[in-house]
>>> print(open('entry.txt').read())   # compact mmCIF, C-alpha atoms
# COMPACT_ATOMS: atom_id res chain seq x y z
CA MET A 1 120.85 15.35 74.26
CA LYS A 2 123.24 13.80 76.75
CA ASP A 3 122.41 12.28 80.10
CA GLN A 4 124.90 13.62 82.68
CA ASN A 5 124.86 10.38 84.64
CA CYS A 6 125.34 8.01 81.70
CA ILE A 7 128.78 6.49 81.23
CA PHE A 8 128.11 5.61 77.58
CA CYS A 9 127.15 9.24 76.90
CA LYS A 10 130.53 10.25 78.30
CA ILE A 11 132.40 7.63 76.28
CA ALA A 12 130.47 8.29 73.05
CA ASN A 13 131.14 12.01 73.33
CA GLY A 14 134.85 11.61 74.17
CA GLU A 15 134.69 12.72 77.81
CA ILE A 16 135.98 9.34 78.93
CA PRO A 17 138.65 7.80 76.69
CA ALA A 18 138.02 4.46 74.97
CA ALA A 19 139.67 2.38 72.26
CA THR A 20 137.88 3.94 69.30
CA LEU A 21 137.63 2.07 66.01
CA TYR A 22 135.38 4.59 64.29
CA GLU A 23 133.69 7.92 64.93
CA ASP A 24 131.30 10.15 63.03
CA GLU A 25 128.86 12.87 64.03
CA ASP A 26 126.28 10.38 65.31
CA PHE A 27 128.26 7.41 66.64
CA ARG A 28 131.42 6.13 68.26
CA VAL A 29 132.48 2.49 67.87
CA ILE A 30 134.71 1.19 70.65
CA LEU A 31 136.28 -2.06 71.77
CA ASP A 32 134.41 -3.71 74.64
CA LEU A 33 136.59 -3.84 77.79
CA GLY A 34 135.11 -7.24 78.70
CA PRO A 35 135.08 -8.86 75.27
CA ALA A 36 133.17 -12.05 74.54
CA SER A 37 135.80 -12.74 71.87
CA LYS A 38 138.67 -11.02 70.12
CA GLY A 39 137.34 -7.96 68.31
CA HIS A 40 134.11 -7.54 70.34
CA ALA A 41 133.05 -3.96 69.64
CA LEU A 42 130.18 -1.68 70.66
CA ILE A 43 128.31 0.86 68.57
CA LEU A 44 127.28 3.83 70.73
CA PRO A 45 125.11 6.71 69.53
CA LYS A 46 126.29 10.08 70.84
CA GLU A 47 122.72 11.04 71.61
CA HIS A 48 121.25 9.41 74.71
CA ALA A 49 118.53 6.80 74.23
CA ALA A 50 118.02 4.16 76.90
CA ASN A 51 117.11 1.46 74.40
CA LEU A 52 115.94 0.71 70.86
CA TYR A 53 112.42 1.94 71.59
CA GLU A 54 113.74 5.42 72.47
CA LEU A 55 116.25 5.66 69.63
CA PRO A 56 115.05 7.86 66.74
CA ASP A 57 114.38 5.88 63.55
CA ALA A 58 117.08 7.70 61.60
CA LEU A 59 119.72 6.65 64.15
CA ALA A 60 118.38 3.08 64.32
CA GLY A 61 118.80 2.80 60.55
CA LYS A 62 122.26 4.33 60.53
CA ALA A 63 123.33 2.08 63.42
CA MET A 64 122.62 -1.10 61.42
CA ILE A 65 124.39 0.20 58.34
CA LEU A 66 127.35 0.98 60.58
CA ALA A 67 127.13 -2.51 62.12
CA LYS A 68 127.41 -3.95 58.62
CA LYS A 69 130.39 -1.76 57.79
CA ILE A 70 132.37 -2.48 60.97
CA ALA A 71 131.49 -6.20 61.12
CA SER A 72 132.49 -6.63 57.47
CA LYS A 73 135.84 -4.98 58.04
CA LEU A 74 136.55 -6.89 61.29
CA SER A 75 135.45 -10.17 59.73
CA VAL A 76 137.99 -9.90 56.91
CA ALA A 77 140.82 -8.57 59.08
CA LEU A 78 140.38 -11.01 61.96
CA LYS A 79 139.49 -13.96 59.71
CA CYS A 80 136.72 -14.92 62.13
CA ASP A 81 134.25 -17.69 61.34
CA GLY A 82 131.04 -15.80 62.06
CA PHE A 83 129.53 -12.73 63.61
CA ASN A 84 126.71 -12.03 66.07
CA ILE A 85 124.98 -8.68 66.06
CA VAL A 86 123.23 -8.38 69.44
CA GLN A 87 121.20 -5.55 70.88
CA ASN A 88 119.70 -6.00 74.34
CA ASN A 89 116.81 -4.02 75.79
CA GLY A 90 116.03 -4.24 79.50
CA GLU A 91 117.73 -6.00 82.39
CA ALA A 92 115.77 -9.21 81.67
CA ALA A 93 117.42 -9.24 78.24
CA GLY A 94 120.93 -8.79 79.64
CA GLN A 95 121.23 -5.03 79.17
CA THR A 96 123.61 -3.66 81.81
CA VAL A 97 124.20 -0.08 80.62
CA PHE A 98 121.01 1.77 79.83
CA HIS A 99 122.23 3.64 76.79
CA PHE A 100 121.38 1.96 73.48
CA HIS A 101 124.29 -0.06 72.09
CA ILE A 102 124.88 -2.79 69.56
CA HIS A 103 127.30 -5.60 70.33
CA LEU A 104 129.42 -6.71 67.38
CA ILE A 105 130.78 -10.12 68.35
CA PRO A 106 133.23 -11.94 66.09
CA ARG A 107 132.83 -15.70 66.40
CA TYR A 108 135.53 -18.33 66.13
CA LYS A 109 135.00 -22.09 65.83
CA GLY A 110 135.12 -23.61 69.31
CA ASP A 111 134.78 -20.30 71.17
CA THR A 112 132.76 -20.08 74.38
CA VAL A 113 130.27 -17.42 73.33
CA ASN A 114 126.72 -18.54 73.92
CA VAL A 115 124.12 -16.74 71.84
CA THR A 116 121.54 -19.46 71.57
CA TRP A 117 118.23 -20.76 72.83
CA GLN A 118 116.20 -23.92 73.17
CA PRO A 119 113.62 -23.81 70.40
CA GLY A 120 110.11 -24.18 71.75
CA ILE A 121 106.92 -24.81 69.82
CA LEU A 122 104.68 -22.16 68.35
CA THR A 123 101.30 -23.11 69.78
CA GLU A 124 98.07 -22.31 67.95
CA GLU A 125 96.95 -20.33 70.98
CA ASP A 126 100.03 -18.08 71.02
CA LYS A 127 99.94 -17.72 67.25
CA LYS A 128 96.33 -16.57 67.32
CA GLU A 129 96.94 -14.15 70.18
CA ILE A 130 100.00 -12.56 68.58
CA LEU A 131 98.50 -12.33 65.09
CA GLU A 132 95.60 -10.49 66.72
CA ILE A 133 98.00 -7.78 67.97
CA PHE A 134 98.90 -6.92 64.39
CA ARG A 135 95.42 -7.11 62.89
CA MET B 136 116.63 -11.28 43.33
CA LYS B 137 115.37 -14.54 44.82
CA ASP B 138 117.35 -17.73 45.34
CA GLN B 139 115.26 -20.68 44.09
CA ASN B 140 116.64 -23.00 46.75
CA CYS B 141 116.19 -20.71 49.73
CA ILE B 142 113.29 -21.45 52.07
CA PHE B 143 113.31 -17.91 53.54
CA CYS B 144 113.04 -16.47 50.00
CA LYS B 145 109.93 -18.61 49.52
CA ILE B 146 108.46 -17.59 52.88
CA ALA B 147 109.33 -13.89 52.50
CA ASN B 148 107.72 -13.82 49.07
CA GLY B 149 104.60 -15.69 50.12
CA GLU B 150 105.26 -18.95 48.23
CA ILE B 151 105.26 -20.87 51.52
CA PRO B 152 102.67 -19.73 54.08
CA ALA B 153 103.79 -18.39 57.46
CA ALA B 154 102.20 -16.59 60.41
CA THR B 155 102.75 -13.06 59.15
CA LEU B 156 102.74 -10.14 61.58
CA TYR B 157 103.72 -7.51 59.04
CA GLU B 158 104.52 -7.16 55.35
CA ASP B 159 105.68 -4.35 53.07
CA GLU B 160 107.41 -4.23 49.71
CA ASP B 161 110.82 -5.07 51.21
CA PHE B 162 110.12 -7.32 54.20
CA ARG B 163 107.92 -9.93 55.81
CA VAL B 164 107.86 -10.41 59.59
CA ILE B 165 106.79 -13.86 60.73
CA LEU B 166 106.49 -15.83 63.94
CA ASP B 167 109.37 -18.28 64.46
CA LEU B 168 108.12 -21.88 64.41
CA GLY B 169 110.65 -22.84 67.10
CA PRO B 170 110.33 -19.82 69.37
CA ALA B 171 112.85 -19.04 72.10
CA SER B 172 109.97 -17.35 73.92
CA LYS B 173 106.39 -16.24 73.36
CA GLY B 174 106.37 -13.71 70.52
CA HIS B 175 109.73 -14.66 68.94
CA ALA B 176 109.54 -13.18 65.45
CA LEU B 177 111.80 -13.01 62.40
CA ILE B 178 112.35 -10.13 60.00
CA LEU B 179 112.99 -11.46 56.50
CA PRO B 180 113.93 -9.27 53.53
CA LYS B 181 112.19 -10.37 50.31
CA GLU B 182 115.42 -9.96 48.39
CA HIS B 183 117.97 -12.71 48.94
CA ALA B 184 121.11 -11.88 50.90
CA ALA B 185 122.96 -14.66 52.71
CA ASN B 186 123.98 -12.44 55.59
CA LEU B 187 124.46 -8.87 56.79
CA TYR B 188 127.56 -8.38 54.65
CA GLU B 189 125.55 -9.07 51.47
CA LEU B 190 122.49 -7.04 52.44
CA PRO B 191 122.32 -3.64 50.68
CA ASP B 192 122.76 -0.72 53.10
CA ALA B 193 119.28 0.63 52.41
CA LEU B 194 117.70 -2.67 53.48
CA ALA B 195 119.98 -2.99 56.52
CA GLY B 196 118.82 0.41 57.69
CA LYS B 197 115.15 -0.30 57.04
CA ALA B 198 115.45 -3.67 58.81
CA MET B 199 116.55 -2.05 62.08
CA ILE B 200 113.82 0.59 61.93
CA LEU B 201 111.36 -2.27 61.39
CA ALA B 202 112.89 -4.18 64.32
CA LYS B 203 112.24 -1.14 66.51
CA LYS B 204 108.65 -0.89 65.31
CA ILE B 205 107.75 -4.55 65.76
CA ALA B 206 109.65 -4.99 69.05
CA SER B 207 108.00 -1.87 70.48
CA LYS B 208 104.55 -3.13 69.55
CA LEU B 209 105.17 -6.67 70.84
CA SER B 210 106.74 -5.37 74.03
CA VAL B 211 103.66 -3.37 74.97
CA ALA B 212 101.15 -6.02 73.90
CA LEU B 213 102.91 -8.99 75.49
CA LYS B 214 104.06 -7.05 78.57
CA CYS B 215 107.47 -8.69 78.32
CA ASP B 216 110.37 -7.66 80.56
CA GLY B 217 112.97 -7.16 77.85
CA PHE B 218 113.89 -7.77 74.24
CA ASN B 219 116.90 -9.20 72.41
CA ILE B 220 117.55 -8.23 68.82
CA VAL B 221 119.89 -10.88 67.40
CA GLN B 222 121.30 -11.27 63.94
CA ASN B 223 123.66 -14.18 63.28
CA ASN B 224 126.12 -14.47 60.42
CA GLY B 225 127.76 -17.80 59.65
CA GLU B 226 127.37 -21.28 61.10
CA ALA B 227 129.92 -20.51 63.84
CA ALA B 228 127.58 -17.72 64.99
CA GLY B 229 124.51 -19.98 65.07
CA GLN B 230 123.07 -19.06 61.68
CA THR B 231 121.09 -22.01 60.35
CA VAL B 232 119.25 -20.53 57.36
CA PHE B 233 121.53 -18.62 55.03
CA HIS B 234 119.15 -15.81 54.20
CA PHE B 235 119.65 -12.68 56.30
CA HIS B 236 117.18 -12.47 59.18
CA ILE B 237 116.81 -10.65 62.46
CA HIS B 238 115.52 -12.46 65.53
CA LEU B 239 113.17 -10.43 67.70
CA ILE B 240 113.09 -12.23 71.05
CA PRO B 241 110.80 -11.04 73.84
CA ARG B 242 112.31 -11.77 77.23
CA TYR B 243 110.47 -12.66 80.41
CA LYS B 244 111.96 -12.78 83.91
CA GLY B 245 113.08 -16.34 84.63
CA ASP B 246 112.90 -17.52 81.02
CA THR B 247 115.47 -19.96 79.64
CA VAL B 248 116.80 -17.88 76.79
CA ASN B 249 120.56 -17.60 76.91
CA VAL B 250 121.98 -14.64 75.03
CA THR B 251 125.08 -14.05 77.08
CA TRP B 252 128.84 -14.50 77.25
CA GLN B 253 131.68 -14.70 79.72
CA PRO B 254 133.40 -11.34 79.61
CA GLY B 255 137.09 -11.70 78.85
CA ILE B 256 139.77 -9.06 79.12
CA LEU B 257 140.77 -6.65 76.38
CA THR B 258 144.53 -7.21 76.21
CA GLU B 259 146.89 -4.43 75.10
CA GLU B 260 148.08 -6.71 72.31
CA ASP B 261 144.58 -7.29 70.89
CA LYS B 262 143.69 -3.63 71.32
CA LYS B 263 146.74 -2.52 69.38
CA GLU B 264 146.17 -5.07 66.61
CA ILE B 265 142.49 -4.16 66.17
CA LEU B 266 143.01 -0.40 66.34
CA GLU B 267 145.59 -0.86 63.57
CA ILE B 268 142.88 -2.33 61.30
CA PHE B 269 140.98 0.95 61.47
CA ARG B 270 143.94 3.32 61.17
>>> encode(input="entry.txt", output="structure tokens")
Amino acid sequence: MKDQNCIFCKIANGEIPAATLYEDEDFRVILDLGPASKGHALILPKEHAANLYELPDALAGKAMILAKKIASKLSVALKCDGFNIVQNNGEAAGQTVFHFHIHLIPRYKGDTVNVTWQPGILTEEDKKEILEIFR
Amino acid sequence: MKDQNCIFCKIANGEIPAATLYEDEDFRVILDLGPASKGHALILPKEHAANLYELPDALAGKAMILAKKIASKLSVALKCDGFNIVQNNGEAAGQTVFHFHIHLIPRYKGDTVNVTWQPGILTEEDKKEILEIFR
């Protein structure tokens, strides 16, 4: 099901043109117009899902297998030094288009991409609280 | 197959204890000891694969479905504002342990996690070169 107001629905389904690296019945893989680095691509499901939580399991699984396939191919062809696979959910996580997508970001030594964090400390209190959620 | 020198093999297979949120025959999900934020968890396959390229497709697919499941549960329980799913390949991409893993990072408004990049511009030259790889 498509969302008539979603730009990624339109791109994924070919209503708005994009530089397409790959397409199958479930997905379109395009080049990001504002790339973090050379080769930055996006995996878009054709079916609308705002985020990972809404994406059906079967598509979530296929999306990661596709991420492997495209990242492997780009990695060899572009001779990059690394690869980030990033999937953001919610504005607080940096999501700007609310249609599930996976960022495939080739990394090059000395590039300016910043996918990192200051490691904190796992406190006993947090550990206990979170383990309790899964009990 | 396990790698005898790999700490994540030992953790995934229960030889080194860790705060385990979930376990099945293929994976263990643990709390990160140096969390980016409260609830930062790691999905570790029990089988050794250095990175996404080496991970069998079946496990790549299952890993993303598991990411959805755990992130959904943590998101509700911790009432976080967003979620980053991050998977790094290679030192240049920030990978520090060379056993495939997915970071599940709950995000909270005003936190200090930095999963972002300066958007560049997709040049016609790069576009042409990269499209050629997939022709």
>>> closest_atom_pairs(input="entry.txt", of="chain B", to="chain A", cutoff="7 Å", atoms="all atoms listed in the file", output="tab-separated table")
residue	atom	partner	partner_atom	distance
B:Leu156	CA	A:Phe134	CA	5.7
B:Leu168	CA	A:Leu122	CA	5.2
B:Gly169	CA	A:Pro119	CA	4.5
B:Pro170	CA	A:Gly120	CA	5.0
B:Ala171	CA	A:Pro119	CA	5.1
B:Gly174	CA	A:Ile130	CA	6.8
B:Leu187	CA	A:Lys68	CA	6.0
B:Tyr188	CA	A:Ser72	CA	5.9
B:Asp192	CA	A:Ile65	CA	5.6
B:Ala195	CA	A:Ile65	CA	5.7
B:Gly196	CA	A:Gly61	CA	3.7
B:Lys197	CA	A:Gly61	CA	5.9
B:Met199	CA	A:Gly61	CA	5.6
B:Ile200	CA	A:Asp57	CA	5.6
B:Lys203	CA	A:Tyr53	CA	5.9
B:Ser207	CA	A:Tyr53	CA	5.9
B:Ala212	CA	A:Ile133	CA	6.9
B:Asp216	CA	A:Ala92	CA	5.7
B:Gly217	CA	A:Gly90	CA	4.5
B:Phe218	CA	A:Asn89	CA	5.0
B:Asn219	CA	A:Asn88	CA	4.7
B:Ile220	CA	A:Gln87	CA	5.0
B:Val221	CA	A:Val86	CA	4.6
B:Gln222	CA	A:Ile85	CA	5.0
B:Asn223	CA	A:Asn84	CA	4.7
B:Asn224	CA	A:Phe83	CA	5.0
B:Gly225	CA	A:Gly82	CA	4.5
B:Glu226	CA	A:Gly82	CA	6.7
B:Ala227	CA	A:Gly82	CA	5.2
B:Ala228	CA	A:Gly82	CA	4.9
B:Arg242	CA	A:Ala93	CA	5.8
B:Tyr243	CA	A:Ala92	CA	6.4
B:Lys244	CA	A:Ala92	CA	5.7
B:Val248	CA	A:Trp117	CA	5.1
B:Asn249	CA	A:Trp117	CA	5.7
B:Val250	CA	A:Val115	CA	4.4
B:Thr251	CA	A:Asn114	CA	5.7
B:Trp252	CA	A:Val113	CA	5.1
B:Gln253	CA	A:Ala36	CA	6.0
B:Pro254	CA	A:Gly34	CA	4.5
B:Gly255	CA	A:Gly34	CA	4.9
B:Ile256	CA	A:Gly34	CA	5.0
B:Leu257	CA	A:Leu33	CA	5.2
B:Ile265	CA	A:Gly39	CA	6.7
B:Leu266	CA	A:Leu21	CA	5.9
B:Ile268	CA	A:Ala77	CA	6.9
B:Phe269	CA	A:Leu21	CA	5.8
>>> atom_distance(input="entry.txt", atom1="atom CA of Lys181 of chain B", atom2="atom CA of Cys144 of chain B")
6.2 Å
>>> residues_near_point(input="entry.txt", point="(129.9, 11.9, 75.6)", cutoff="10 Å", atoms="all atoms listed in the file", output="list in words")
Met1, Lys2, Asp3, Gln4, Cys6, Ile7, Phe8, Cys9, Lys10, Ile11, Ala12, Asn13, Gly14, Glu15, Ile16, Pro17, Arg28, Leu44, Pro45, Lys46, Glu47 and His48 of chain A
>>> atom_distance(input="entry.txt", atom1="atom CA of His99 of chain A", atom2="atom CA of Ile178 of chain B")
23.9 Å
>>> axis_aligned_box(input="entry.txt", around="segment 111-118 of chain A", padding_each_side="3 Å", output="AutoDock Vina command-line options")
--center_x 125.5 --center_y -20.3 --center_z 72.8 --size_x 24.6 --size_y 13.2 --size_z 9.2
>>> atom_distance(input="entry.txt", atom1="atom CA of Phe235 of chain B", atom2="atom CA of Asp24 of chain A")
26.5 Å
>>> build_atoms(input="entry.txt", residues="segment 8-19 of chain A", atoms="all heavy atoms", output="PDB file, in the frame of the given file")
ATOM      1  N   PHE A   8     127.977   5.755  79.034  1.00  0.00           N
ATOM      2  CA  PHE A   8     128.110   5.610  77.580  1.00  0.00           C
ATOM      3  C   PHE A   8     127.948   6.954  76.857  1.00  0.00           C
ATOM      4  O   PHE A   8     128.512   7.149  75.781  1.00  0.00           O
ATOM      5  CB  PHE A   8     127.147   4.559  77.028  1.00  0.00           C
ATOM      6  CG  PHE A   8     127.654   3.142  77.155  1.00  0.00           C
ATOM      7  CD1 PHE A   8     128.858   2.845  77.807  1.00  0.00           C
ATOM      8  CD2 PHE A   8     126.941   2.073  76.602  1.00  0.00           C
ATOM      9  CE1 PHE A   8     129.330   1.537  77.919  1.00  0.00           C
ATOM     10  CE2 PHE A   8     127.410   0.761  76.698  1.00  0.00           C
ATOM     11  CZ  PHE A   8     128.604   0.498  77.361  1.00  0.00           C
ATOM     12  N   CYS A   9     127.186   7.875  77.438  1.00  0.00           N
ATOM     13  CA  CYS A   9     127.150   9.240  76.900  1.00  0.00           C
ATOM     14  C   CYS A   9     128.543   9.851  76.963  1.00  0.00           C
ATOM     15  O   CYS A   9     129.015  10.456  76.001  1.00  0.00           O
ATOM     16  CB  CYS A   9     126.182  10.126  77.695  1.00  0.00           C
ATOM     17  SG  CYS A   9     124.455   9.983  77.181  1.00  0.00           S
ATOM     18  N   LYS A  10     129.187   9.675  78.103  1.00  0.00           N
ATOM     19  CA  LYS A  10     130.530  10.250  78.300  1.00  0.00           C
ATOM     20  C   LYS A  10     131.547   9.622  77.348  1.00  0.00           C
ATOM     21  O   LYS A  10     132.390  10.307  76.774  1.00  0.00           O
ATOM     22  CB  LYS A  10     130.975  10.082  79.754  1.00  0.00           C
ATOM     23  CG  LYS A  10     130.186  10.933  80.753  1.00  0.00           C
ATOM     24  CD  LYS A  10     130.842  10.901  82.127  1.00  0.00           C
ATOM     25  CE  LYS A  10     130.232  11.903  83.104  1.00  0.00           C
ATOM     26  NZ  LYS A  10     128.900  11.495  83.618  1.00  0.00           N
ATOM     27  N   ILE A  11     131.461   8.309  77.185  1.00  0.00           N
ATOM     28  CA  ILE A  11     132.400   7.630  76.280  1.00  0.00           C
ATOM     29  C   ILE A  11     132.105   8.030  74.827  1.00  0.00           C
ATOM     30  O   ILE A  11     133.010   8.393  74.070  1.00  0.00           O
ATOM     31  CB  ILE A  11     132.313   6.092  76.455  1.00  0.00           C
ATOM     32  CG1 ILE A  11     132.876   5.685  77.825  1.00  0.00           C
ATOM     33  CG2 ILE A  11     133.050   5.372  75.330  1.00  0.00           C
ATOM     34  CD1 ILE A  11     132.702   4.216  78.171  1.00  0.00           C
ATOM     35  N   ALA A  12     130.832   7.988  74.446  1.00  0.00           N
ATOM     36  CA  ALA A  12     130.470   8.290  73.050  1.00  0.00           C
ATOM     37  C   ALA A  12     130.897   9.694  72.664  1.00  0.00           C
ATOM     38  O   ALA A  12     131.296   9.945  71.521  1.00  0.00           O
ATOM     39  CB  ALA A  12     128.958   8.121  72.853  1.00  0.00           C
ATOM     40  N   ASN A  13     130.819  10.614  73.621  1.00  0.00           N
ATOM     41  CA  ASN A  13     131.140  12.010  73.330  1.00  0.00           C
ATOM     42  C   ASN A  13     132.589  12.378  73.689  1.00  0.00           C
ATOM     43  O   ASN A  13     132.953  13.552  73.690  1.00  0.00           O
ATOM     44  CB  ASN A  13     130.132  12.923  74.034  1.00  0.00           C
ATOM     45  CG  ASN A  13     128.739  12.794  73.403  1.00  0.00           C
ATOM     46  OD1 ASN A  13     128.495  13.347  72.346  1.00  0.00           O
ATOM     47  ND2 ASN A  13     127.854  12.000  74.009  1.00  0.00           N
ATOM     48  N   GLY A  14     133.412  11.368  73.990  1.00  0.00           N
ATOM     49  CA  GLY A  14     134.850  11.610  74.170  1.00  0.00           C
ATOM     50  C   GLY A  14     135.239  12.186  75.511  1.00  0.00           C
ATOM     51  O   GLY A  14     136.372  12.629  75.686  1.00  0.00           O
ATOM     52  N   GLU A  15     134.329  12.186  76.478  1.00  0.00           N
ATOM     53  CA  GLU A  15     134.690  12.720  77.810  1.00  0.00           C
ATOM     54  C   GLU A  15     135.434  11.691  78.636  1.00  0.00           C
ATOM     55  O   GLU A  15     136.160  12.041  79.566  1.00  0.00           O
ATOM     56  CB  GLU A  15     133.423  13.178  78.543  1.00  0.00           C
ATOM     57  CG  GLU A  15     132.783  14.408  77.912  1.00  0.00           C
ATOM     58  CD  GLU A  15     131.356  14.615  78.410  1.00  0.00           C
ATOM     59  OE1 GLU A  15     131.098  14.339  79.595  1.00  0.00           O
ATOM     60  OE2 GLU A  15     130.512  15.040  77.600  1.00  0.00           O
ATOM     61  N   ILE A  16     135.207  10.419  78.316  1.00  0.00           N
ATOM     62  CA  ILE A  16     135.980   9.340  78.930  1.00  0.00           C
ATOM     63  C   ILE A  16     136.655   8.607  77.757  1.00  0.00           C
ATOM     64  O   ILE A  16     135.983   8.257  76.786  1.00  0.00           O
ATOM     65  CB  ILE A  16     135.066   8.352  79.706  1.00  0.00           C
ATOM     66  CG1 ILE A  16     134.473   9.042  80.937  1.00  0.00           C
ATOM     67  CG2 ILE A  16     135.829   7.109  80.111  1.00  0.00           C
ATOM     68  CD1 ILE A  16     133.492   8.180  81.729  1.00  0.00           C
ATOM     69  N   PRO A  17     137.974   8.419  77.829  1.00  0.00           N
ATOM     70  CA  PRO A  17     138.650   7.800  76.690  1.00  0.00           C
ATOM     71  C   PRO A  17     138.283   6.324  76.521  1.00  0.00           C
ATOM     72  O   PRO A  17     137.971   5.628  77.499  1.00  0.00           O
ATOM     73  CB  PRO A  17     140.140   7.954  77.030  1.00  0.00           C
ATOM     74  CG  PRO A  17     140.198   8.187  78.495  1.00  0.00           C
ATOM     75  CD  PRO A  17     138.898   8.780  78.920  1.00  0.00           C
ATOM     76  N   ALA A  18     138.291   5.867  75.284  1.00  0.00           N
ATOM     77  CA  ALA A  18     138.020   4.460  74.970  1.00  0.00           C
ATOM     78  C   ALA A  18     138.761   4.118  73.682  1.00  0.00           C
ATOM     79  O   ALA A  18     139.112   5.015  72.911  1.00  0.00           O
ATOM     80  CB  ALA A  18     136.520   4.249  74.798  1.00  0.00           C
ATOM     81  N   ALA A  19     138.990   2.829  73.483  1.00  0.00           N
ATOM     82  CA  ALA A  19     139.670   2.380  72.260  1.00  0.00           C
ATOM     83  C   ALA A  19     138.692   2.518  71.098  1.00  0.00           C
ATOM     84  O   ALA A  19     137.793   1.706  70.929  1.00  0.00           O
ATOM     85  CB  ALA A  19     140.121   0.932  72.427  1.00  0.00           C
TER      86      ALA A  19
END
